[in-house]
Amino acid sequence: MWRRTVARSAAVAENLRRFSIAASTSSIPSPCIVHKRGADILHDPWFNKDTGFPLTERDRLGLRGLLPPRVISFEQQYERFMDSYRSLEKNTAGQSDNIVALAKWRILNRLHDRNETLYYKVLIDNIKDFAPIIYTPTVGLVCQNYSGLFRRPRGMYFSAKDKGEMMSIIYNWPASEVDMIVLTDGSRILGLGDLGVQGIGIPIGKLDMYVAAAGINPQRVLPIMLDVGTNNEKLLEDPLYLGLRERRLEGEEYISIVDELMEALHRRWPKAVIQFEDFQFKWAFETLQRYRKKYCMFNDDIQGTAGVALAGLLGVVRAQGRQLLDFVNQKIVVAGAGSAGLGVLNMAYQAVSTMTGTKANPQFYLIDKNGLITTERSGVDPSAAPFAKVIGEVESIGLREGSDLLEVVKKVKPHVLLGLSGVGGIFNEQVLKAMRDSDSPKPAIFAMSNPTNNAECTAADAFKHAGENIVFGSGSPFQNVDLENGKIGHVNQANNMYLFPGIGLGALLSGAHIISDGMLQAASECLASYMTEEDIQKGKFYPSIGSIRNITAEVGAAVLRAAVTEEVAEGRGEVGTKELAHMSKEETVEYVTSNMWYPIYSPLQAVGSHCTLSPTSSISSSLYRSPTNRSKHPAFGFRDDNKIQFHLQFVRRKLYRIIDLDTQMMCSWSYELMKEPHTVTIIPFWRKLYKIVDLETKVTDSWSYGLMNEITHPIGKLGWFADQMINIEYLDKLPCFLESDGTKSINADV
Ligand SMILES: NC(=O)C1=CN([C@@H]2O[C@H](COP(=O)(O)OP(=O)(O)OC[C@H]3O[C@@H](n4cnc5c(N)ncnc54)[C@H](O)[C@@H]3O)[C@@H](O)[C@H]2O)C=CC1
Ligand SMILES: CC(=O)C(=O)O
């Protein structure tokens, strides 16, 4: 038994090593293929390193002369950006909050548009300071002012005018691989309502969080705006509005366009996870039901929010010093009967049912803009109907259909007051004071609406009016509150950002074809159990945002394991369901972590039709006709279609280890000590990516590796070293190499 475990662990460890799809903590950055050269690379934020391109790379990529000569390190670039950011903070001190917030957003956005690697480095390392800018609350302000702030497009825009053509439009996106898509129709942007095409800021912000928290490679994310019009009168009249100046499509017209987009997305990227974001209530539930059994998708506002809120609600029970099972007795008042509020109540209901094992009758009170929802309400939405209170029950405590929030709080004396109404300030002084009479020794107040102005109350007001013993959470960040008696009122950020990145990552790595309730429940349970008893007693239910990568790895692993258990996982790449199923909990976390992308400058290798070739270079093609040569000279890259693909590498008496990045295996035939300077080695690659490690210095040399791809005979790729260009010619069965002046030939030591 013991031996089997060890053997299995070793096998899994080997799999983990082999199947990591992205380098993260490795000191050796993976090479990155770029199908561009020269100025095109400088203008592409995915590949641009600004002044950080090493000289050898400048040579190789045709960048010489396009940059100032000095090479600035990544660390120096980082410091320089942070210095500018700090200067901006200093220079804008005293100006209005909105002006400062937009100035901060602009400086970050400019970096995002120019150099993504550096952008994500500063974002990840300063997530606490920058999340409020790229995410809530500033992202709300950005969306409101989007048409004026617009400089460069990001993501894809589909509109009602594209009907019938989405399947082809989707191929305009330059990346062949997409892992995460966040899609909105802009109809309910945070608590700000219908912002039409301007809502694109939300998918962009959410995907920034995916990169920062889940380590999704930014080259594989896709924000999408589906512009089906807007009912926002102000925007319809705004001559600078960038979206369709038409009213929103409704009914069949609307749903058929979403159907078409979903089909197109699935056709091109069948393994991508699609997150629905900020759809108005009437379409949020309908689209979720329509697609959740067909595609790997979820609705963040309904399902992500529910999981985060449930984790918080369970934390509240722990904070009261009660057993988790006591959750069934919690009196919870929810203000807001929309996507988010109903999502929370549905999940909380499931939890109570699981705990009681019977048909639950939880003490949930649901309030919308017309007050308490009871069985007397006419025209109640079917998704809210299960939570309508039986009229007799509420009458017995002095309430009625439509009772207002204050009355409900006074009569119910809830343990938890949770706001997802999108209406700022509805937890006013009176309501908060009424919470002092809560039946809980530690009443909980969650003002979860975003952005900050739409929060149901501020943190300071909550502690001031409801008392120091409350626990508090808000959707947008607030500062902890100084209670002026040496104590601090802790503010939790009750935001779905603690779950959606892990849900997406877990679904992606499991290769799940759908996202099941079990996967979502696992995510919520994982978050709920993440905090220690000590944290909980201090009123902390959610981790600090600084540890968002850790919690996301845990949540991702929990989701992945649930996907395997529920048999919806199909595996990813070479990691099949069998391998996933054999991973222990710890191994799964390790697997998830090892697949997170981390911003480092990868050495770039230009390949494809953009490679420039010297007119003097030539390779005699006759030698490559016979595939039988392959066995004699395995180092020659023959392919059955008679194309040769190869990489030239200048070696200078160095020993290289060559790692096949597909398998993470070291290729035993493909390293050797080069005895002579100026020796060139040829490496076959069969469309593979190799990482080459200089064993003397232990680092990958930027010029010495790349994706060996798409370079076909009769013309070969040229190798550069320093200023010297090497032309190649195959003169005999052993390759010889001529230096650029054509005077000297050196036999390759192969
Ligand atoms: N913290 C977080 O992670 C999340 C926060 N939210 C926030 O929740 C809010 C609502 O989002 P959705 O449910 O999608 O919106 P929604 O538009 O679907 O629902 C809003 C609900 O609030 C109700 N309402 C309006 N005025 C009210 C009042 N005075 N008293 C009580 N209820 C009132 C409406 O009748 C409606 O039922 C937004 O501000 C959004 O930013 C949403 C998702 C996640
Ligand atoms: C956080 C979020 O998803 C919202 O406010 O809509």
# chains A, B, ... in the order shown; residues from 1 in each chain; ligands from 1
>>> residues_near_ligand(ligand="ligand 2", cutoff="6 Å", atoms="only C-alpha atoms and all ligand atoms", output="list in words")
Leu190, Asp278, Asp301, Asn450, Asn495 and Asn496 of chain A
>>> residues_around(residues="segment 233-239 of chain A", least_positions_apart="5", cutoff="9 Å", atoms="only C-alpha atoms", output="JSON, numbers by chain")
{"A": [195, 196, 244, 245, 246, 247]}
>>> write_last_selection(atoms="N, CA and C atoms", output="PDB file, in the first residue's frame")
ATOM      1  N   LEU A 195     -25.206  50.712 -19.570  1.00  0.00           N
ATOM      2  CA  LEU A 195     -24.177  51.607 -20.124  1.00  0.00           C
ATOM      3  C   LEU A 195     -23.801  51.201 -21.552  1.00  0.00           C
ATOM      4  N   GLY A 196     -24.611  50.321 -22.134  1.00  0.00           N
ATOM      5  CA  GLY A 196     -24.382  49.946 -23.526  1.00  0.00           C
ATOM      6  C   GLY A 196     -22.950  49.490 -23.765  1.00  0.00           C
ATOM      7  N   LEU A 244     -24.059  51.182 -30.699  1.00  0.00           N
ATOM      8  CA  LEU A 244     -25.220  51.349 -31.589  1.00  0.00           C
ATOM      9  C   LEU A 244     -26.175  52.340 -30.952  1.00  0.00           C
ATOM     10  N   ARG A 245     -26.577  53.333 -31.700  1.00  0.00           N
ATOM     11  CA  ARG A 245     -27.537  54.296 -31.123  1.00  0.00           C
ATOM     12  C   ARG A 245     -28.943  53.846 -31.462  1.00  0.00           C
ATOM     13  N   GLU A 246     -29.271  52.705 -30.881  1.00  0.00           N
ATOM     14  CA  GLU A 246     -30.593  52.089 -31.080  1.00  0.00           C
ATOM     15  C   GLU A 246     -31.044  51.504 -29.762  1.00  0.00           C
ATOM     16  N   ARG A 247     -32.347  51.275 -29.656  1.00  0.00           N
ATOM     17  CA  ARG A 247     -32.834  50.644 -28.429  1.00  0.00           C
ATOM     18  C   ARG A 247     -32.433  49.162 -28.435  1.00  0.00           C
TER      19      ARG A 247
END
>>> select_by_dssp(residues="segment 293-358 of chain A", states="strand (DSSP E)", output="PDB file with N, CA and C atoms, in the first residue's frame")
ATOM      1  N   MET A 297     -19.700  27.439 -19.258  1.00  0.00           N
ATOM      2  CA  MET A 297     -19.965  28.848 -18.953  1.00  0.00           C
ATOM      3  C   MET A 297     -20.579  28.976 -17.557  1.00  0.00           C
ATOM      4  N   PHE A 298     -20.487  30.154 -17.023  1.00  0.00           N
ATOM      5  CA  PHE A 298     -21.218  30.459 -15.789  1.00  0.00           C
ATOM      6  C   PHE A 298     -21.549  31.936 -15.759  1.00  0.00           C
ATOM      7  N   ASN A 299     -22.497  32.284 -14.900  1.00  0.00           N
ATOM      8  CA  ASN A 299     -22.844  33.686 -14.724  1.00  0.00           C
ATOM      9  C   ASN A 299     -22.259  34.142 -13.392  1.00  0.00           C
ATOM     10  N   LYS A 331     -31.313  34.203  10.499  1.00  0.00           N
ATOM     11  CA  LYS A 331     -32.325  35.059   9.864  1.00  0.00           C
ATOM     12  C   LYS A 331     -31.579  36.035   8.949  1.00  0.00           C
ATOM     13  N   ILE A 332     -31.886  35.930   7.673  1.00  0.00           N
ATOM     14  CA  ILE A 332     -31.134  36.726   6.690  1.00  0.00           C
ATOM     15  C   ILE A 332     -32.092  37.606   5.904  1.00  0.00           C
ATOM     16  N   VAL A 333     -31.845  38.904   5.945  1.00  0.00           N
ATOM     17  CA  VAL A 333     -32.645  39.829   5.132  1.00  0.00           C
ATOM     18  C   VAL A 333     -31.798  40.243   3.935  1.00  0.00           C
ATOM     19  N   VAL A 334     -32.330  40.016   2.746  1.00  0.00           N
ATOM     20  CA  VAL A 334     -31.599  40.389   1.540  1.00  0.00           C
ATOM     21  C   VAL A 334     -32.335  41.532   0.847  1.00  0.00           C
ATOM     22  N   ALA A 335     -31.635  42.652   0.683  1.00  0.00           N
ATOM     23  CA  ALA A 335     -32.215  43.790  -0.048  1.00  0.00           C
ATOM     24  C   ALA A 335     -31.690  43.734  -1.475  1.00  0.00           C
TER      25      ALA A 335
END
>>> atom_distance(atom1="atom CA of Glu250 of chain A", atom2="atom 1 (N, counted along the ligand's line) of ligand 1")
27.6 Å
>>> closest_atom_pairs(of="chain A", to="ligand 1", cutoff="6 Å", atoms="only C-alpha atoms and all ligand atoms", output="JSON lines")
{"residue": "A:Leu190", "atom": "CA", "partner": "ligand 1", "partner_atom_place_in_ligand_line": "41 (O)", "distance": 3.4}
{"residue": "A:Gly191", "atom": "CA", "partner": "ligand 1", "partner_atom_place_in_ligand_line": "39 (O)", "distance": 3.3}
{"residue": "A:Gln280", "atom": "CA", "partner": "ligand 1", "partner_atom_place_in_ligand_line": "18 (O)", "distance": 5.7}
{"residue": "A:Phe281", "atom": "CA", "partner": "ligand 1", "partner_atom_place_in_ligand_line": "18 (O)", "distance": 4.1}
{"residue": "A:Asp301", "atom": "CA", "partner": "ligand 1", "partner_atom_place_in_ligand_line": "43 (C)", "distance": 4.2}
{"residue": "A:Thr305", "atom": "CA", "partner": "ligand 1", "partner_atom_place_in_ligand_line": "44 (C)", "distance": 4.8}
{"residue": "A:Ala335", "atom": "CA", "partner": "ligand 1", "partner_atom_place_in_ligand_line": "31 (C)", "distance": 4.4}
{"residue": "A:Gly336", "atom": "CA", "partner": "ligand 1", "partner_atom_place_in_ligand_line": "22 (O)", "distance": 3.4}
{"residue": "A:Ala337", "atom": "CA", "partner": "ligand 1", "partner_atom_place_in_ligand_line": "37 (O)", "distance": 3.4}
{"residue": "A:Gly338", "atom": "CA", "partner": "ligand 1", "partner_atom_place_in_ligand_line": "19 (O)", "distance": 3.2}
{"residue": "A:Ser339", "atom": "CA", "partner": "ligand 1", "partner_atom_place_in_ligand_line": "13 (O)", "distance": 3.9}
{"residue": "A:Ala340", "atom": "CA", "partner": "ligand 1", "partner_atom_place_in_ligand_line": "13 (O)", "distance": 3.7}
{"residue": "A:Gly341", "atom": "CA", "partner": "ligand 1", "partner_atom_place_in_ligand_line": "13 (O)", "distance": 5.4}
{"residue": "A:Ile367", "atom": "CA", "partner": "ligand 1", "partner_atom_place_in_ligand_line": "31 (C)", "distance": 5.2}
{"residue": "A:Asp368", "atom": "CA", "partner": "ligand 1", "partner_atom_place_in_ligand_line": "32 (N)", "distance": 3.4}
{"residue": "A:Lys369", "atom": "CA", "partner": "ligand 1", "partner_atom_place_in_ligand_line": "27 (C)", "distance": 3.6}
{"residue": "A:Leu420", "atom": "CA", "partner": "ligand 1", "partner_atom_place_in_ligand_line": "8 (O)", "distance": 4.0}
{"residue": "A:Ser421", "atom": "CA", "partner": "ligand 1", "partner_atom_place_in_ligand_line": "22 (O)", "distance": 3.3}
{"residue": "A:Gly422", "atom": "CA", "partner": "ligand 1", "partner_atom_place_in_ligand_line": "39 (O)", "distance": 3.2}
{"residue": "A:Val423", "atom": "CA", "partner": "ligand 1", "partner_atom_place_in_ligand_line": "26 (N)", "distance": 5.7}
{"residue": "A:Met448", "atom": "CA", "partner": "ligand 1", "partner_atom_place_in_ligand_line": "1 (N)", "distance": 4.2}
{"residue": "A:Ser449", "atom": "CA", "partner": "ligand 1", "partner_atom_place_in_ligand_line": "39 (O)", "distance": 3.6}
{"residue": "A:Asn450", "atom": "CA", "partner": "ligand 1", "partner_atom_place_in_ligand_line": "41 (O)", "distance": 3.8}
{"residue": "A:Gly475", "atom": "CA", "partner": "ligand 1", "partner_atom_place_in_ligand_line": "1 (N)", "distance": 3.5}
{"residue": "A:Ala494", "atom": "CA", "partner": "ligand 1", "partner_atom_place_in_ligand_line": "1 (N)", "distance": 5.3}
{"residue": "A:Asn495", "atom": "CA", "partner": "ligand 1", "partner_atom_place_in_ligand_line": "3 (O)", "distance": 3.3}
{"residue": "A:Asn496", "atom": "CA", "partner": "ligand 1", "partner_atom_place_in_ligand_line": "3 (O)", "distance": 3.8}
>>> atom_distance(atom1="atom CA of Ile169 of chain A", atom2="atom CA of Trp269 of chain A")
13.5 Å
>>> residues_around(residues="Leu88 of chain A", least_positions_apart="5", cutoff="10 Å", atoms="only C-alpha atoms", output="PyMOL selection string")
chain A and resi 82-83+93+100+103-104+107
>>> write_last_selection(atoms="N, CA and C atoms", output="CSV table (one decimal), in the first residue's frame")
chain,number,residue,atom,x,y,z
A,82,MET,N,6.8,52.7,-11.2
A,82,MET,CA,6.3,52.9,-9.9
A,82,MET,C,6.7,54.4,-9.4
A,83,ASP,N,7.8,54.8,-9.8
A,83,ASP,CA,8.2,56.2,-9.5
A,83,ASP,C,7.2,57.2,-10.2
A,93,ALA,N,-2.6,65.1,-5.5
A,93,ALA,CA,-3.1,65.2,-4.1
A,93,ALA,C,-4.0,66.4,-4.0
A,100,VAL,N,-8.5,62.0,-9.5
A,100,VAL,CA,-7.3,61.2,-9.1
A,100,VAL,C,-7.5,59.7,-9.6
A,103,ALA,N,-7.0,59.5,-13.3
A,103,ALA,CA,-5.6,59.7,-13.7
A,103,ALA,C,-4.8,58.5,-13.4
A,104,LYS,N,-5.1,57.8,-12.3
A,104,LYS,CA,-4.4,56.5,-12.0
A,104,LYS,C,-4.8,55.5,-13.0
A,107,ILE,N,-2.8,56.1,-16.3
A,107,ILE,CA,-1.4,55.7,-16.4
A,107,ILE,C,-1.2,54.2,-16.4
>>> atom_distance(atom1="atom CA of Pro477 of chain A", atom2="atom CA of Tyr365 of chain A")
26.2 Å
>>> residues_around(residues="segment 201-214 of chain A", least_positions_apart="3", cutoff="7 Å", atoms="only C-alpha atoms", output="ChimeraX atom specification")
/A:120,123-124,134-135,139,142-143,182-184,198,217-218,221,223-224,501-502,505,548-549,552-553,596
>>> closest_residue(among="A:Arg37, A:Arg318, A:Arg436, A:Lys282", to="Ser383 of chain A", atoms="only C-alpha atoms")
A:Lys282
>>> residues_around(residues="Glu534 of chain A", least_positions_apart="6", cutoff="12 Å", atoms="only C-alpha atoms", output="list of chain:residue names")
A:Gly315, A:Arg318, A:Ala319, A:Gly321, A:Lys540, A:Phe541
>>> closest_residue(among="A:Ser96, A:Thr117, A:His43, A:Ile545", to="Ile600 of chain A", atoms="only C-alpha atoms")
A:Thr117
>>> residues_around(residues="Phe158 of chain A", least_positions_apart="3", cutoff="12 Å", atoms="only C-alpha atoms", output="PyMOL selection string")
chain A and resi 155+161-170+172-173+183-186+197+200+223-229+243-244+257-258+260-262+264-265
>>> select_by_dssp(residues="segment 144-226 of chain A", states="alpha helix (DSSP H)", output="ChimeraX atom specification")
/A:144,146-149,166-169,201-214
>>> closest_residue(among="A:Asn346, A:Ser544, A:Gln77, A:Asn232", to="Ala384 of chain A", atoms="only C-alpha atoms")
A:Asn346
>>> closest_residue(among="A:Ala306, A:Ala466, A:Ile373, A:Val575", to="Asp517 of chain A", atoms="only C-alpha atoms")
A:Ala306
>>> residues_around(residues="Phe446 of chain A", least_positions_apart="4", cutoff="8 Å", atoms="only C-alpha atoms", output="compact mmCIF listing (two decimals) with all heavy atoms, in the first residue's frame")
# COMPACT_ATOMS: atom_id res chain seq x y z
N VAL A 416 -28.26 38.64 9.78
CA VAL A 416 -27.50 39.18 8.64
C VAL A 416 -28.38 40.11 7.83
O VAL A 416 -29.53 39.78 7.51
CB VAL A 416 -27.04 38.02 7.70
CG1 VAL A 416 -26.26 38.58 6.51
CG2 VAL A 416 -26.20 37.00 8.44
N LEU A 417 -27.81 41.25 7.48
CA LEU A 417 -28.47 42.16 6.55
C LEU A 417 -27.57 42.28 5.33
O LEU A 417 -26.41 42.72 5.45
CB LEU A 417 -28.66 43.54 7.21
CG LEU A 417 -29.22 44.64 6.31
CD1 LEU A 417 -30.60 44.28 5.77
CD2 LEU A 417 -29.30 45.98 7.08
N LEU A 418 -28.09 41.86 4.19
CA LEU A 418 -27.24 41.76 3.01
C LEU A 418 -27.81 42.60 1.88
O LEU A 418 -28.98 42.46 1.53
CB LEU A 418 -27.17 40.28 2.63
CG LEU A 418 -26.10 39.82 1.65
CD1 LEU A 418 -25.73 38.38 1.93
CD2 LEU A 418 -26.61 39.94 0.23
N GLY A 419 -26.99 43.50 1.34
CA GLY A 419 -27.48 44.39 0.29
C GLY A 419 -26.91 44.06 -1.07
O GLY A 419 -25.69 44.06 -1.26
N PHE A 472 -18.50 43.29 9.08
CA PHE A 472 -18.88 44.11 7.93
C PHE A 472 -18.18 43.64 6.65
O PHE A 472 -17.00 43.29 6.66
CB PHE A 472 -18.51 45.58 8.19
CG PHE A 472 -18.88 46.49 7.05
CD1 PHE A 472 -20.19 46.93 6.90
CD2 PHE A 472 -17.93 46.89 6.12
CE1 PHE A 472 -20.54 47.76 5.83
CE2 PHE A 472 -18.27 47.72 5.05
CZ PHE A 472 -19.59 48.16 4.91
N GLY A 473 -18.94 43.65 5.57
CA GLY A 473 -18.36 43.35 4.26
C GLY A 473 -18.94 44.29 3.23
O GLY A 473 -20.10 44.73 3.34
N SER A 474 -18.13 44.64 2.23
CA SER A 474 -18.63 45.53 1.17
C SER A 474 -18.09 45.04 -0.17
O SER A 474 -17.00 44.47 -0.24
CB SER A 474 -18.15 46.96 1.42
OG SER A 474 -16.74 46.97 1.54
N ALA A 494 -16.32 41.88 0.28
CA ALA A 494 -17.21 40.78 -0.11
C ALA A 494 -17.49 40.88 -1.59
O ALA A 494 -18.51 41.42 -2.02
CB ALA A 494 -18.50 40.87 0.70
>>> closest_residue(among="A:Leu527, A:Ile41, A:Ala562, A:Ile551", to="Thr593 of chain A", atoms="only C-alpha atoms")
A:Ile551
>>> decode(residues="segment 529-540 of chain A", atoms="N, CA, C and O atoms", output="PDB file, in the first residue's frame")
ATOM      1  N   SER A 529     -13.696  27.722   4.094  1.00  0.00           N
ATOM      2  CA  SER A 529     -12.805  27.055   5.050  1.00  0.00           C
ATOM      3  C   SER A 529     -11.387  27.631   5.014  1.00  0.00           C
ATOM      4  O   SER A 529     -10.516  27.181   5.747  1.00  0.00           O
ATOM      5  N   TYR A 530     -11.159  28.602   4.164  1.00  0.00           N
ATOM      6  CA  TYR A 530      -9.807  29.144   3.998  1.00  0.00           C
ATOM      7  C   TYR A 530      -9.351  29.930   5.228  1.00  0.00           C
ATOM      8  O   TYR A 530      -8.192  29.929   5.587  1.00  0.00           O
ATOM      9  N   MET A 531     -10.309  30.617   5.862  1.00  0.00           N
ATOM     10  CA  MET A 531      -9.923  31.503   6.959  1.00  0.00           C
ATOM     11  C   MET A 531      -9.786  30.705   8.268  1.00  0.00           C
ATOM     12  O   MET A 531     -10.575  29.798   8.548  1.00  0.00           O
ATOM     13  N   THR A 532      -8.809  31.102   9.060  1.00  0.00           N
ATOM     14  CA  THR A 532      -8.589  30.406  10.332  1.00  0.00           C
ATOM     15  C   THR A 532      -9.602  30.898  11.370  1.00  0.00           C
ATOM     16  O   THR A 532     -10.224  31.948  11.196  1.00  0.00           O
ATOM     17  N   GLU A 533      -9.688  30.140  12.455  1.00  0.00           N
ATOM     18  CA  GLU A 533     -10.604  30.515  13.535  1.00  0.00           C
ATOM     19  C   GLU A 533     -10.229  31.895  14.099  1.00  0.00           C
ATOM     20  O   GLU A 533     -11.096  32.720  14.401  1.00  0.00           O
ATOM     21  N   GLU A 534      -8.928  32.127  14.151  1.00  0.00           N
ATOM     22  CA  GLU A 534      -8.441  33.409  14.683  1.00  0.00           C
ATOM     23  C   GLU A 534      -8.902  34.572  13.785  1.00  0.00           C
ATOM     24  O   GLU A 534      -9.382  35.601  14.277  1.00  0.00           O
ATOM     25  N   ASP A 535      -8.763  34.351  12.446  1.00  0.00           N
ATOM     26  CA  ASP A 535      -9.229  35.383  11.510  1.00  0.00           C
ATOM     27  C   ASP A 535     -10.704  35.664  11.730  1.00  0.00           C
ATOM     28  O   ASP A 535     -11.143  36.813  11.829  1.00  0.00           O
ATOM     29  N   ILE A 536     -11.453  34.567  11.799  1.00  0.00           N
ATOM     30  CA  ILE A 536     -12.909  34.706  11.915  1.00  0.00           C
ATOM     31  C   ILE A 536     -13.266  35.491  13.174  1.00  0.00           C
ATOM     32  O   ILE A 536     -14.129  36.366  13.155  1.00  0.00           O
ATOM     33  N   GLN A 537     -12.571  35.190  14.246  1.00  0.00           N
ATOM     34  CA  GLN A 537     -12.876  35.897  15.494  1.00  0.00           C
ATOM     35  C   GLN A 537     -12.543  37.387  15.405  1.00  0.00           C
ATOM     36  O   GLN A 537     -13.123  38.211  16.091  1.00  0.00           O
ATOM     37  N   LYS A 538     -11.615  37.698  14.490  1.00  0.00           N
ATOM     38  CA  LYS A 538     -11.301  39.118  14.290  1.00  0.00           C
ATOM     39  C   LYS A 538     -12.261  39.758  13.287  1.00  0.00           C
ATOM     40  O   LYS A 538     -12.054  40.896  12.855  1.00  0.00           O
ATOM     41  N   GLY A 539     -13.241  38.996  12.834  1.00  0.00           N
ATOM     42  CA  GLY A 539     -14.215  39.538  11.878  1.00  0.00           C
ATOM     43  C   GLY A 539     -13.719  39.473  10.443  1.00  0.00           C
ATOM     44  O   GLY A 539     -14.226  40.186   9.580  1.00  0.00           O
ATOM     45  N   LYS A 540     -12.720  38.597  10.170  1.00  0.00           N
ATOM     46  CA  LYS A 540     -12.200  38.481   8.809  1.00  0.00           C
ATOM     47  C   LYS A 540     -12.743  37.211   8.152  1.00  0.00           C
ATOM     48  O   LYS A 540     -12.389  36.105   8.551  1.00  0.00           O
TER      49      LYS A 540
END
